[in-house]
>>> print(open('final_5.cif').read())   # mmCIF, N, CA and C atoms
data_run
loop_
_atom_site.label_atom_id
_atom_site.label_comp_id
_atom_site.auth_asym_id
_atom_site.auth_seq_id
_atom_site.Cartn_x
_atom_site.Cartn_y
_atom_site.Cartn_z
N MET A 922 -18.10 -18.97 -13.88
CA MET A 922 -17.15 -19.01 -12.81
C MET A 922 -17.33 -17.77 -11.93
N LYS A 923 -17.35 -17.97 -10.64
CA LYS A 923 -17.50 -16.87 -9.69
C LYS A 923 -16.26 -15.98 -9.73
N LYS A 924 -16.50 -14.68 -9.52
CA LYS A 924 -15.40 -13.73 -9.56
C LYS A 924 -15.56 -12.73 -8.42
N ASP A 925 -14.48 -12.51 -7.66
CA ASP A 925 -14.48 -11.48 -6.63
C ASP A 925 -14.45 -10.12 -7.31
N VAL A 926 -15.32 -9.23 -6.88
CA VAL A 926 -15.45 -7.91 -7.48
C VAL A 926 -15.63 -6.84 -6.41
N LEU A 927 -15.57 -5.60 -6.83
CA LEU A 927 -15.90 -4.47 -5.99
C LEU A 927 -17.22 -3.91 -6.51
N MET A 928 -18.20 -3.75 -5.63
CA MET A 928 -19.50 -3.23 -6.02
C MET A 928 -19.69 -1.83 -5.44
N ILE A 929 -20.13 -0.94 -6.30
CA ILE A 929 -20.53 0.40 -5.87
C ILE A 929 -22.03 0.49 -6.15
N LEU A 930 -22.82 0.59 -5.11
CA LEU A 930 -24.28 0.63 -5.23
C LEU A 930 -24.78 1.97 -4.72
N LYS A 931 -25.45 2.71 -5.59
CA LYS A 931 -26.06 3.98 -5.20
C LYS A 931 -27.56 3.81 -5.28
N SER A 932 -28.22 4.15 -4.20
CA SER A 932 -29.68 4.05 -4.12
C SER A 932 -30.26 5.44 -3.94
N VAL A 933 -31.27 5.77 -4.75
CA VAL A 933 -31.92 7.07 -4.67
C VAL A 933 -33.41 6.83 -4.43
N GLN A 934 -33.91 7.42 -3.35
CA GLN A 934 -35.33 7.31 -3.02
C GLN A 934 -35.93 8.71 -3.08
N SER A 935 -37.00 8.89 -3.87
CA SER A 935 -37.63 10.19 -4.03
C SER A 935 -39.09 10.12 -3.60
N VAL A 936 -39.47 11.09 -2.77
CA VAL A 936 -40.85 11.24 -2.34
C VAL A 936 -41.18 12.72 -2.49
N ASP A 937 -42.15 13.02 -3.37
CA ASP A 937 -42.49 14.41 -3.68
C ASP A 937 -41.22 15.14 -4.10
N ASP A 938 -40.86 16.21 -3.41
CA ASP A 938 -39.67 16.98 -3.78
C ASP A 938 -38.44 16.61 -2.96
N GLU A 939 -38.56 15.61 -2.10
CA GLU A 939 -37.42 15.19 -1.27
C GLU A 939 -36.73 14.00 -1.90
N ARG A 940 -35.40 14.02 -1.82
CA ARG A 940 -34.58 12.98 -2.43
C ARG A 940 -33.54 12.51 -1.41
N ASN A 941 -33.46 11.19 -1.20
CA ASN A 941 -32.51 10.61 -0.25
C ASN A 941 -31.58 9.68 -1.02
N GLU A 942 -30.28 9.93 -0.94
CA GLU A 942 -29.30 9.11 -1.65
C GLU A 942 -28.39 8.41 -0.66
N THR A 943 -28.09 7.15 -0.94
CA THR A 943 -27.10 6.41 -0.16
C THR A 943 -26.16 5.71 -1.12
N GLU A 944 -24.93 5.51 -0.69
CA GLU A 944 -23.95 4.81 -1.51
C GLU A 944 -23.23 3.78 -0.66
N LEU A 945 -23.06 2.61 -1.24
CA LEU A 945 -22.37 1.51 -0.57
C LEU A 945 -21.25 1.03 -1.49
N ILE A 946 -20.05 0.94 -0.95
CA ILE A 946 -18.92 0.36 -1.67
C ILE A 946 -18.49 -0.86 -0.87
N THR A 947 -18.56 -2.05 -1.49
CA THR A 947 -18.33 -3.27 -0.74
C THR A 947 -17.80 -4.38 -1.64
N PRO A 948 -17.07 -5.32 -1.06
CA PRO A 948 -16.69 -6.50 -1.84
C PRO A 948 -17.93 -7.33 -2.14
N ALA A 949 -17.91 -8.01 -3.29
CA ALA A 949 -19.04 -8.83 -3.71
C ALA A 949 -18.51 -9.98 -4.56
N VAL A 950 -19.42 -10.88 -4.89
CA VAL A 950 -19.09 -12.00 -5.78
C VAL A 950 -20.04 -11.95 -6.96
N LEU A 951 -19.47 -11.89 -8.17
CA LEU A 951 -20.24 -11.88 -9.42
C LEU A 951 -20.25 -13.29 -9.98
N THR A 952 -21.46 -13.82 -10.25
CA THR A 952 -21.60 -15.19 -10.75
C THR A 952 -22.47 -15.20 -11.99
N PRO A 953 -21.95 -15.77 -13.10
CA PRO A 953 -22.81 -15.93 -14.29
C PRO A 953 -23.91 -16.96 -13.99
N LEU A 954 -25.11 -16.70 -14.51
CA LEU A 954 -26.23 -17.62 -14.34
C LEU A 954 -26.63 -18.18 -15.69
N LYS A 955 -27.40 -19.25 -15.67
CA LYS A 955 -27.92 -19.79 -16.93
C LYS A 955 -28.79 -18.73 -17.61
N ASN A 956 -28.99 -18.86 -18.88
CA ASN A 956 -29.80 -17.93 -19.67
C ASN A 956 -29.22 -16.53 -19.74
N GLY A 957 -27.89 -16.40 -19.54
CA GLY A 957 -27.24 -15.12 -19.72
C GLY A 957 -27.36 -14.15 -18.56
N GLY A 958 -27.88 -14.57 -17.44
CA GLY A 958 -28.02 -13.68 -16.29
C GLY A 958 -26.78 -13.64 -15.43
N PHE A 959 -26.80 -12.75 -14.44
CA PHE A 959 -25.71 -12.62 -13.48
C PHE A 959 -26.29 -12.40 -12.10
N SER A 960 -25.57 -12.88 -11.08
CA SER A 960 -25.93 -12.56 -9.70
C SER A 960 -24.76 -11.86 -9.05
N ILE A 961 -25.09 -10.97 -8.13
CA ILE A 961 -24.10 -10.23 -7.35
C ILE A 961 -24.46 -10.47 -5.89
N ALA A 962 -23.57 -11.13 -5.14
CA ALA A 962 -23.83 -11.45 -3.74
C ALA A 962 -22.90 -10.64 -2.86
N TYR A 963 -23.46 -10.09 -1.78
CA TYR A 963 -22.64 -9.31 -0.84
C TYR A 963 -23.24 -9.38 0.55
N ASP A 964 -22.39 -9.14 1.55
CA ASP A 964 -22.83 -9.12 2.94
C ASP A 964 -23.22 -7.70 3.31
N GLU A 965 -24.37 -7.58 3.97
CA GLU A 965 -24.82 -6.27 4.45
C GLU A 965 -23.97 -5.88 5.66
N THR A 966 -23.93 -4.58 5.93
CA THR A 966 -23.14 -4.07 7.05
C THR A 966 -24.00 -3.20 7.95
N GLU A 967 -23.42 -2.77 9.03
CA GLU A 967 -24.12 -1.87 9.94
C GLU A 967 -24.51 -0.58 9.22
N ALA A 968 -23.70 -0.16 8.26
CA ALA A 968 -23.96 1.07 7.52
C ALA A 968 -25.28 1.01 6.74
N THR A 969 -25.69 -0.17 6.28
CA THR A 969 -26.93 -0.29 5.52
C THR A 969 -28.14 -0.51 6.42
N GLY A 970 -27.89 -0.84 7.68
CA GLY A 970 -28.99 -1.12 8.61
C GLY A 970 -29.45 -2.57 8.56
N PHE A 971 -28.78 -3.40 7.76
CA PHE A 971 -29.16 -4.81 7.62
C PHE A 971 -28.02 -5.74 7.99
N GLU A 972 -27.18 -5.33 8.94
CA GLU A 972 -26.03 -6.13 9.36
C GLU A 972 -26.49 -7.54 9.73
N GLY A 973 -25.70 -8.53 9.32
CA GLY A 973 -26.05 -9.92 9.60
C GLY A 973 -26.87 -10.56 8.50
N SER A 974 -27.11 -9.82 7.43
CA SER A 974 -27.86 -10.35 6.29
C SER A 974 -26.96 -10.42 5.06
N LYS A 975 -27.32 -11.31 4.14
CA LYS A 975 -26.63 -11.42 2.86
C LYS A 975 -27.65 -11.07 1.78
N THR A 976 -27.22 -10.30 0.78
CA THR A 976 -28.10 -9.90 -0.31
C THR A 976 -27.57 -10.46 -1.62
N VAL A 977 -28.48 -10.99 -2.43
CA VAL A 977 -28.14 -11.46 -3.77
C VAL A 977 -29.04 -10.72 -4.75
N LEU A 978 -28.40 -9.95 -5.63
CA LEU A 978 -29.10 -9.23 -6.68
C LEU A 978 -28.89 -10.03 -7.96
N SER A 979 -29.98 -10.49 -8.57
CA SER A 979 -29.89 -11.27 -9.81
C SER A 979 -30.57 -10.50 -10.93
N CYS A 980 -30.00 -10.58 -12.12
CA CYS A 980 -30.58 -9.85 -13.25
C CYS A 980 -30.47 -10.68 -14.51
N TYR A 981 -31.56 -10.69 -15.29
CA TYR A 981 -31.63 -11.38 -16.57
C TYR A 981 -32.04 -10.38 -17.63
N GLY A 982 -31.10 -9.95 -18.46
CA GLY A 982 -31.42 -9.01 -19.52
C GLY A 982 -31.97 -7.70 -18.99
N ASP A 983 -32.82 -7.06 -19.79
CA ASP A 983 -33.41 -5.78 -19.43
C ASP A 983 -34.86 -5.89 -18.99
N LYS A 984 -35.30 -7.10 -18.64
CA LYS A 984 -36.71 -7.30 -18.30
C LYS A 984 -36.96 -7.80 -16.88
N HIS A 985 -35.98 -8.48 -16.26
CA HIS A 985 -36.25 -9.11 -14.96
C HIS A 985 -35.04 -9.03 -14.04
N ALA A 986 -35.30 -8.69 -12.78
CA ALA A 986 -34.27 -8.71 -11.75
C ALA A 986 -34.94 -9.09 -10.43
N SER A 987 -34.14 -9.49 -9.47
CA SER A 987 -34.65 -9.75 -8.13
C SER A 987 -33.60 -9.37 -7.11
N ILE A 988 -34.07 -8.97 -5.94
CA ILE A 988 -33.18 -8.66 -4.82
C ILE A 988 -33.65 -9.51 -3.65
N CYS A 989 -32.84 -10.49 -3.27
CA CYS A 989 -33.19 -11.41 -2.18
C CYS A 989 -32.23 -11.20 -1.02
N ARG A 990 -32.77 -10.92 0.13
CA ARG A 990 -31.98 -10.72 1.34
C ARG A 990 -32.33 -11.83 2.31
N SER A 991 -31.30 -12.43 2.93
CA SER A 991 -31.54 -13.48 3.92
C SER A 991 -30.63 -13.25 5.11
N GLY A 992 -31.01 -13.82 6.24
CA GLY A 992 -30.22 -13.66 7.45
C GLY A 992 -31.03 -12.97 8.52
N ALA A 993 -30.42 -11.97 9.18
CA ALA A 993 -31.09 -11.25 10.27
C ALA A 993 -32.39 -10.61 9.79
N VAL A 994 -32.41 -10.16 8.55
CA VAL A 994 -33.61 -9.58 7.93
C VAL A 994 -33.77 -10.23 6.56
N SER A 995 -34.99 -10.65 6.22
CA SER A 995 -35.22 -11.33 4.94
C SER A 995 -36.23 -10.56 4.09
N SER A 996 -36.00 -10.60 2.78
CA SER A 996 -36.95 -10.01 1.84
C SER A 996 -36.71 -10.59 0.46
N ASN A 997 -37.71 -10.45 -0.40
CA ASN A 997 -37.59 -10.91 -1.77
C ASN A 997 -38.36 -9.95 -2.67
N LEU A 998 -37.61 -9.08 -3.36
CA LEU A 998 -38.23 -8.12 -4.27
C LEU A 998 -38.07 -8.63 -5.69
N VAL A 999 -39.17 -8.68 -6.44
CA VAL A 999 -39.15 -9.09 -7.84
C VAL A 999 -39.37 -7.85 -8.67
N ILE A 1000 -38.46 -7.61 -9.60
CA ILE A 1000 -38.48 -6.40 -10.40
C ILE A 1000 -38.64 -6.81 -11.86
N ASP A 1001 -39.85 -6.67 -12.40
CA ASP A 1001 -40.17 -7.03 -13.78
C ASP A 1001 -40.58 -5.78 -14.53
N LYS A 1002 -39.87 -5.47 -15.61
CA LYS A 1002 -40.13 -4.24 -16.37
C LYS A 1002 -41.58 -4.19 -16.85
N ASP A 1003 -42.20 -3.04 -16.63
CA ASP A 1003 -43.57 -2.74 -17.04
C ASP A 1003 -44.62 -3.63 -16.39
N LYS A 1004 -44.30 -4.20 -15.23
CA LYS A 1004 -45.25 -5.03 -14.49
C LYS A 1004 -45.23 -4.64 -13.03
N LYS A 1005 -46.34 -4.93 -12.35
CA LYS A 1005 -46.40 -4.74 -10.91
C LYS A 1005 -46.32 -6.10 -10.24
N GLN A 1006 -45.44 -6.20 -9.27
CA GLN A 1006 -45.29 -7.41 -8.48
C GLN A 1006 -45.58 -7.09 -7.02
N HIS A 1007 -46.16 -8.04 -6.31
CA HIS A 1007 -46.35 -7.90 -4.87
C HIS A 1007 -45.29 -8.75 -4.19
N CYS A 1008 -44.51 -8.10 -3.32
CA CYS A 1008 -43.31 -8.74 -2.77
C CYS A 1008 -43.26 -8.60 -1.25
N TYR A 1009 -42.56 -9.55 -0.65
CA TYR A 1009 -42.32 -9.57 0.78
C TYR A 1009 -41.06 -8.77 1.08
N TYR A 1010 -41.14 -7.83 2.03
CA TYR A 1010 -39.99 -7.00 2.37
C TYR A 1010 -39.84 -6.92 3.88
N GLY A 1011 -38.72 -7.45 4.36
CA GLY A 1011 -38.43 -7.41 5.79
C GLY A 1011 -37.54 -6.24 6.13
N THR A 1012 -37.82 -5.60 7.25
CA THR A 1012 -36.98 -4.51 7.75
C THR A 1012 -36.61 -4.84 9.20
N PRO A 1013 -35.66 -4.13 9.77
CA PRO A 1013 -35.35 -4.35 11.19
C PRO A 1013 -36.55 -4.06 12.10
N TYR A 1014 -37.58 -3.40 11.56
CA TYR A 1014 -38.73 -3.00 12.37
C TYR A 1014 -39.98 -3.85 12.14
N GLY A 1015 -39.93 -4.74 11.16
CA GLY A 1015 -41.08 -5.58 10.86
C GLY A 1015 -41.15 -5.94 9.39
N GLU A 1016 -42.17 -6.69 9.04
CA GLU A 1016 -42.33 -7.19 7.67
C GLU A 1016 -43.50 -6.49 6.97
N LEU A 1017 -43.33 -6.30 5.65
CA LEU A 1017 -44.35 -5.63 4.85
C LEU A 1017 -44.60 -6.39 3.57
N MET A 1018 -45.78 -6.24 3.01
CA MET A 1018 -46.07 -6.69 1.66
C MET A 1018 -46.14 -5.42 0.82
N VAL A 1019 -45.27 -5.32 -0.17
CA VAL A 1019 -45.19 -4.09 -0.97
C VAL A 1019 -45.47 -4.38 -2.43
N GLY A 1020 -45.94 -3.36 -3.13
CA GLY A 1020 -46.11 -3.44 -4.58
C GLY A 1020 -44.91 -2.78 -5.23
N ILE A 1021 -44.36 -3.42 -6.25
CA ILE A 1021 -43.21 -2.90 -6.99
C ILE A 1021 -43.63 -2.77 -8.46
N TYR A 1022 -43.63 -1.54 -8.99
CA TYR A 1022 -43.87 -1.34 -10.41
C TYR A 1022 -42.58 -0.85 -11.04
N THR A 1023 -42.05 -1.61 -11.98
CA THR A 1023 -40.75 -1.31 -12.58
C THR A 1023 -40.91 -0.51 -13.87
N HIS A 1024 -40.22 0.62 -13.91
CA HIS A 1024 -40.24 1.49 -15.08
C HIS A 1024 -39.10 1.14 -16.04
N SER A 1025 -37.93 0.79 -15.49
CA SER A 1025 -36.77 0.60 -16.35
C SER A 1025 -35.74 -0.33 -15.72
N ILE A 1026 -35.14 -1.16 -16.55
CA ILE A 1026 -33.96 -1.95 -16.18
C ILE A 1026 -32.98 -1.80 -17.35
N ILE A 1027 -31.79 -1.36 -17.05
CA ILE A 1027 -30.73 -1.30 -18.06
C ILE A 1027 -29.58 -2.16 -17.54
N ASN A 1028 -29.37 -3.28 -18.19
CA ASN A 1028 -28.39 -4.26 -17.75
C ASN A 1028 -27.21 -4.28 -18.71
N GLU A 1029 -26.06 -3.84 -18.23
CA GLU A 1029 -24.83 -3.86 -19.02
C GLU A 1029 -23.77 -4.72 -18.33
N LEU A 1030 -24.22 -5.74 -17.59
CA LEU A 1030 -23.30 -6.63 -16.89
C LEU A 1030 -22.72 -7.66 -17.84
N ASN A 1031 -21.48 -8.04 -17.57
CA ASN A 1031 -20.84 -9.14 -18.28
C ASN A 1031 -19.92 -9.85 -17.29
N GLU A 1032 -19.18 -10.85 -17.74
CA GLU A 1032 -18.36 -11.66 -16.83
C GLU A 1032 -17.24 -10.86 -16.17
N ASN A 1033 -16.95 -9.66 -16.66
CA ASN A 1033 -15.91 -8.82 -16.06
C ASN A 1033 -16.45 -7.71 -15.18
N GLY A 1034 -17.76 -7.56 -15.11
CA GLY A 1034 -18.37 -6.49 -14.32
C GLY A 1034 -19.39 -5.74 -15.13
N GLY A 1035 -19.33 -4.40 -15.06
CA GLY A 1035 -20.27 -3.58 -15.82
C GLY A 1035 -21.21 -2.81 -14.92
N ASN A 1036 -22.34 -2.40 -15.49
CA ASN A 1036 -23.30 -1.55 -14.78
C ASN A 1036 -24.71 -2.12 -14.88
N LEU A 1037 -25.51 -1.77 -13.87
CA LEU A 1037 -26.91 -2.15 -13.82
C LEU A 1037 -27.69 -0.97 -13.26
N TYR A 1038 -28.81 -0.63 -13.90
CA TYR A 1038 -29.67 0.46 -13.44
C TYR A 1038 -31.10 -0.06 -13.37
N MET A 1039 -31.79 0.27 -12.28
CA MET A 1039 -33.20 -0.10 -12.12
C MET A 1039 -33.97 1.09 -11.57
N LYS A 1040 -35.16 1.32 -12.10
CA LYS A 1040 -36.04 2.38 -11.60
C LYS A 1040 -37.41 1.78 -11.36
N TYR A 1041 -37.95 1.97 -10.15
CA TYR A 1041 -39.24 1.39 -9.82
C TYR A 1041 -39.96 2.23 -8.77
N THR A 1042 -41.27 2.03 -8.68
CA THR A 1042 -42.12 2.71 -7.70
C THR A 1042 -42.59 1.67 -6.68
N ILE A 1043 -42.60 2.09 -5.42
CA ILE A 1043 -43.08 1.21 -4.33
C ILE A 1043 -44.38 1.77 -3.78
N ASP A 1044 -45.33 0.84 -3.53
CA ASP A 1044 -46.56 1.21 -2.82
C ASP A 1044 -46.84 0.17 -1.74
N ILE A 1045 -47.61 0.58 -0.76
CA ILE A 1045 -48.09 -0.33 0.28
C ILE A 1045 -49.60 -0.19 0.31
N ASN A 1046 -50.32 -1.31 0.15
CA ASN A 1046 -51.79 -1.28 0.08
C ASN A 1046 -52.26 -0.28 -0.98
N SER A 1047 -51.59 -0.27 -2.11
CA SER A 1047 -51.90 0.60 -3.25
C SER A 1047 -51.72 2.09 -2.96
N SER A 1048 -51.09 2.43 -1.85
CA SER A 1048 -50.78 3.83 -1.53
C SER A 1048 -49.31 4.09 -1.86
N TYR A 1049 -49.07 5.10 -2.67
CA TYR A 1049 -47.73 5.46 -3.10
C TYR A 1049 -46.80 5.67 -1.90
N VAL A 1050 -45.58 5.11 -2.00
CA VAL A 1050 -44.56 5.30 -0.98
C VAL A 1050 -43.40 6.11 -1.53
N SER A 1051 -42.80 5.64 -2.65
CA SER A 1051 -41.64 6.34 -3.18
C SER A 1051 -41.29 5.86 -4.58
N ASP A 1052 -40.52 6.70 -5.28
CA ASP A 1052 -39.87 6.30 -6.52
C ASP A 1052 -38.43 5.96 -6.14
N ASN A 1053 -37.90 4.91 -6.75
CA ASN A 1053 -36.57 4.42 -6.38
C ASN A 1053 -35.72 4.16 -7.60
N GLU A 1054 -34.44 4.46 -7.47
CA GLU A 1054 -33.47 4.15 -8.51
C GLU A 1054 -32.29 3.47 -7.85
N ILE A 1055 -31.76 2.46 -8.52
CA ILE A 1055 -30.56 1.77 -8.06
C ILE A 1055 -29.55 1.78 -9.19
N PHE A 1056 -28.36 2.28 -8.89
CA PHE A 1056 -27.25 2.30 -9.83
C PHE A 1056 -26.19 1.36 -9.27
N VAL A 1057 -25.82 0.32 -10.00
CA VAL A 1057 -24.81 -0.63 -9.55
C VAL A 1057 -23.66 -0.61 -10.54
N SER A 1058 -22.44 -0.47 -10.03
CA SER A 1058 -21.25 -0.54 -10.84
C SER A 1058 -20.38 -1.67 -10.27
N ILE A 1059 -20.00 -2.60 -11.14
CA ILE A 1059 -19.18 -3.74 -10.73
C ILE A 1059 -17.85 -3.67 -11.47
N ARG A 1060 -16.78 -3.77 -10.72
CA ARG A 1060 -15.46 -3.81 -11.35
C ARG A 1060 -14.61 -4.86 -10.65
N PRO A 1061 -13.59 -5.37 -11.35
CA PRO A 1061 -12.74 -6.39 -10.74
C PRO A 1061 -12.11 -5.86 -9.45
N ALA A 1062 -12.00 -6.74 -8.47
CA ALA A 1062 -11.35 -6.37 -7.22
C ALA A 1062 -9.85 -6.23 -7.48
N LYS A 1063 -9.23 -5.28 -6.81
CA LYS A 1063 -7.79 -5.10 -6.97
C LYS A 1063 -7.07 -6.35 -6.48
N ASN A 1064 -6.07 -6.75 -7.21
CA ASN A 1064 -5.28 -7.95 -6.88
C ASN A 1064 -6.13 -9.21 -6.83
N GLY A 1065 -7.33 -9.17 -7.46
CA GLY A 1065 -8.18 -10.35 -7.52
C GLY A 1065 -8.85 -10.72 -6.22
N SER A 1066 -8.80 -9.84 -5.22
CA SER A 1066 -9.39 -10.15 -3.92
C SER A 1066 -10.49 -9.16 -3.57
N SER A 1067 -11.66 -9.69 -3.24
CA SER A 1067 -12.76 -8.80 -2.84
C SER A 1067 -12.56 -8.26 -1.44
N ALA A 1068 -11.54 -8.74 -0.72
CA ALA A 1068 -11.28 -8.25 0.62
C ALA A 1068 -10.73 -6.82 0.58
N GLU A 1069 -10.22 -6.39 -0.58
CA GLU A 1069 -9.71 -5.04 -0.72
C GLU A 1069 -10.82 -4.13 -1.20
N VAL A 1070 -11.26 -3.23 -0.35
CA VAL A 1070 -12.30 -2.29 -0.72
C VAL A 1070 -11.62 -0.94 -0.86
N GLN A 1071 -11.17 -0.65 -2.08
CA GLN A 1071 -10.49 0.61 -2.36
C GLN A 1071 -11.08 1.18 -3.63
N SER A 1072 -11.13 2.48 -3.70
CA SER A 1072 -11.60 3.10 -4.95
C SER A 1072 -10.54 3.97 -5.55
#
>>> encode(input="final_5.cif", output="structure tokens")
Amino acid sequence: MKKDVLMILKSVQSVDDERNETELITPAVLTPLKNGGFSIAYDETEATGFEGSKTVLSCYGDKHASICRSGAVSSNLVIDKDKKQHCYYGTPYGELMVGIYTHSIINELNENGGNLYMKYTIDINSSYVSDNEIFVSIRPAKNGSSAEVQS
């Protein structure tokens, strides 16, 4: 059963000694999937640079996840632990084919929320771009409505 939730997503991108962190707090919908997985769907905003797009983050255990964005900008990142995947990634500036090598997925999601952590390296044409970490925290929306974005 779908559940309105509050999502806190922190993204960390590291290149050499430089580190860039962003945090998004937004309403989302948590949906249980077959085989014990979960999806988290949310609308992108102007703050993320992908306004007009919808993102669905799906995760199955500690081995596989995907991030699919559709709308104004589209992309499909496949995140498989200890494997390299070649994925399509759309940006407001154009489209890229990127390599994703996943180091870690820690999935503690359940029907009430929980946490998800992913760490992966991105390359373009086998040239290193960045190390990335995503921290996702899901909790029930206050008063059962995802329209309330309060912390």
>>> select_by_dssp(input="final_5.cif", residues="region 925-1071 of chain A", states="strand (DSSP E)", output="PyMOL selection string")
chain A and resi 925-936+939-953+959-964+974-981+985-992+996-1001+1005-1012+1015-1028+1035-1045+1048-1061
>>> resolve_selection(input="final_5.cif", expression="the PyMOL selection byres ((chain A and resi 1061) around 6)", output="PyMOL selection string")
chain A and resi 925-927+1033-1034+1059-1060+1062-1063
>>> residues_around(input="final_5.cif", residues="region 938-946 of chain A", least_positions_apart="2", cutoff="8 Å", atoms="only N, CA and C atoms", output="PyMOL selection string")
chain A and resi 927-936+948-949+968-969+1070-1071
>>> resolve_selection(input="final_5.cif", expression="the PyMOL selection byres ((chain A and resi 1039) around 6)", output="list in words")
Ser1025, Ile1026, Ile1027, Leu1037, Tyr1038, Lys1040, Tyr1041, Asn1053, Glu1054, Ile1055 and Phe1056 of chain A
>>> resolve_selection(input="final_5.cif", expression="the PyMOL selection byres (((chain A and resi 1044 and name CA) around 10) and name CA)", output="VMD selection string")
chain A and resid 1007 1018 to 1022 1042 to 1043 1045 to 1052
>>> atom_distance(input="final_5.cif", atom1="atom C of Tyr1010 (chain A)", atom2="atom C of Leu1030 (chain A)")
27.7 Å
>>> atom_distance(input="final_5.cif", atom1="CA of Ala962 (chain A)", atom2="CA of Val977 (chain A)")
4.3 Å
>>> residues_around(input="final_5.cif", residues="region 971-976 of chain A", least_positions_apart="6", cutoff="9 Å", atoms="only C-alpha atoms", output="PDB file with N, CA and C atoms, in the coordinates of the input")
ATOM      1  N   ILE A 961     -25.090 -10.970  -8.130  1.00  0.00           N
ATOM      2  CA  ILE A 961     -24.100 -10.230  -7.350  1.00  0.00           C
ATOM      3  C   ILE A 961     -24.460 -10.470  -5.890  1.00  0.00           C
ATOM      4  N   ALA A 962     -23.570 -11.130  -5.140  1.00  0.00           N
ATOM      5  CA  ALA A 962     -23.830 -11.450  -3.740  1.00  0.00           C
ATOM      6  C   ALA A 962     -22.900 -10.640  -2.860  1.00  0.00           C
ATOM      7  N   TYR A 963     -23.460 -10.090  -1.780  1.00  0.00           N
ATOM      8  CA  TYR A 963     -22.640  -9.310  -0.840  1.00  0.00           C
ATOM      9  C   TYR A 963     -23.240  -9.380   0.550  1.00  0.00           C
ATOM     10  N   ASP A 964     -22.390  -9.140   1.550  1.00  0.00           N
ATOM     11  CA  ASP A 964     -22.830  -9.120   2.940  1.00  0.00           C
ATOM     12  C   ASP A 964     -23.220  -7.700   3.310  1.00  0.00           C
ATOM     13  N   GLU A 965     -24.370  -7.580   3.970  1.00  0.00           N
ATOM     14  CA  GLU A 965     -24.820  -6.270   4.450  1.00  0.00           C
ATOM     15  C   GLU A 965     -23.970  -5.880   5.660  1.00  0.00           C
ATOM     16  N   ILE A 988     -34.070  -8.970  -5.940  1.00  0.00           N
ATOM     17  CA  ILE A 988     -33.180  -8.660  -4.820  1.00  0.00           C
ATOM     18  C   ILE A 988     -33.650  -9.510  -3.650  1.00  0.00           C
ATOM     19  N   CYS A 989     -32.840 -10.490  -3.270  1.00  0.00           N
ATOM     20  CA  CYS A 989     -33.190 -11.410  -2.180  1.00  0.00           C
ATOM     21  C   CYS A 989     -32.230 -11.200  -1.020  1.00  0.00           C
ATOM     22  N   ARG A 990     -32.770 -10.920   0.130  1.00  0.00           N
ATOM     23  CA  ARG A 990     -31.980 -10.720   1.340  1.00  0.00           C
ATOM     24  C   ARG A 990     -32.330 -11.830   2.310  1.00  0.00           C
ATOM     25  N   SER A 991     -31.300 -12.430   2.930  1.00  0.00           N
ATOM     26  CA  SER A 991     -31.540 -13.480   3.920  1.00  0.00           C
ATOM     27  C   SER A 991     -30.630 -13.250   5.110  1.00  0.00           C
ATOM     28  N   GLY A 992     -31.010 -13.820   6.240  1.00  0.00           N
ATOM     29  CA  GLY A 992     -30.220 -13.660   7.450  1.00  0.00           C
ATOM     30  C   GLY A 992     -31.030 -12.970   8.520  1.00  0.00           C
ATOM     31  N   ALA A 993     -30.420 -11.970   9.180  1.00  0.00           N
ATOM     32  CA  ALA A 993     -31.090 -11.250  10.270  1.00  0.00           C
ATOM     33  C   ALA A 993     -32.390 -10.610   9.790  1.00  0.00           C
ATOM     34  N   VAL A 994     -32.410 -10.160   8.550  1.00  0.00           N
ATOM     35  CA  VAL A 994     -33.610  -9.580   7.930  1.00  0.00           C
ATOM     36  C   VAL A 994     -33.770 -10.230   6.560  1.00  0.00           C
ATOM     37  N   SER A 995     -34.990 -10.650   6.220  1.00  0.00           N
ATOM     38  CA  SER A 995     -35.220 -11.330   4.940  1.00  0.00           C
ATOM     39  C   SER A 995     -36.230 -10.560   4.090  1.00  0.00           C
ATOM     40  N   THR A1012     -37.820  -5.600   7.250  1.00  0.00           N
ATOM     41  CA  THR A1012     -36.980  -4.510   7.750  1.00  0.00           C
ATOM     42  C   THR A1012     -36.610  -4.840   9.200  1.00  0.00           C
ATOM     43  N   PRO A1013     -35.660  -4.130   9.770  1.00  0.00           N
ATOM     44  CA  PRO A1013     -35.350  -4.350  11.190  1.00  0.00           C
ATOM     45  C   PRO A1013     -36.550  -4.060  12.100  1.00  0.00           C
TER      46      PRO A1013
END
>>> residues_around(input="final_5.cif", residues="Thr952 (chain A)", least_positions_apart="2", cutoff="8 Å", atoms="only C-alpha atoms", output="VMD selection string")
chain A and resid 922 to 924 950 954 959 to 961 1032
>>> closest_residue(input="final_5.cif", among="A:Cys980, A:Val1057, A:Leu1017, A:Ala986", to="Lys1002 (chain A)", atoms="all atoms listed in the file")
A:Ala986
>>> atom_distance(input="final_5.cif", atom1="atom C of Ser1058 (chain A)", atom2="atom N of Pro953 (chain A)")
14.5 Å
>>> closest_residue(input="final_5.cif", among="A:Asp1001, A:Asn956, A:Tyr981, A:Thr966", to="Asn1028 (chain A)", atoms="all atoms listed in the file")
A:Tyr981
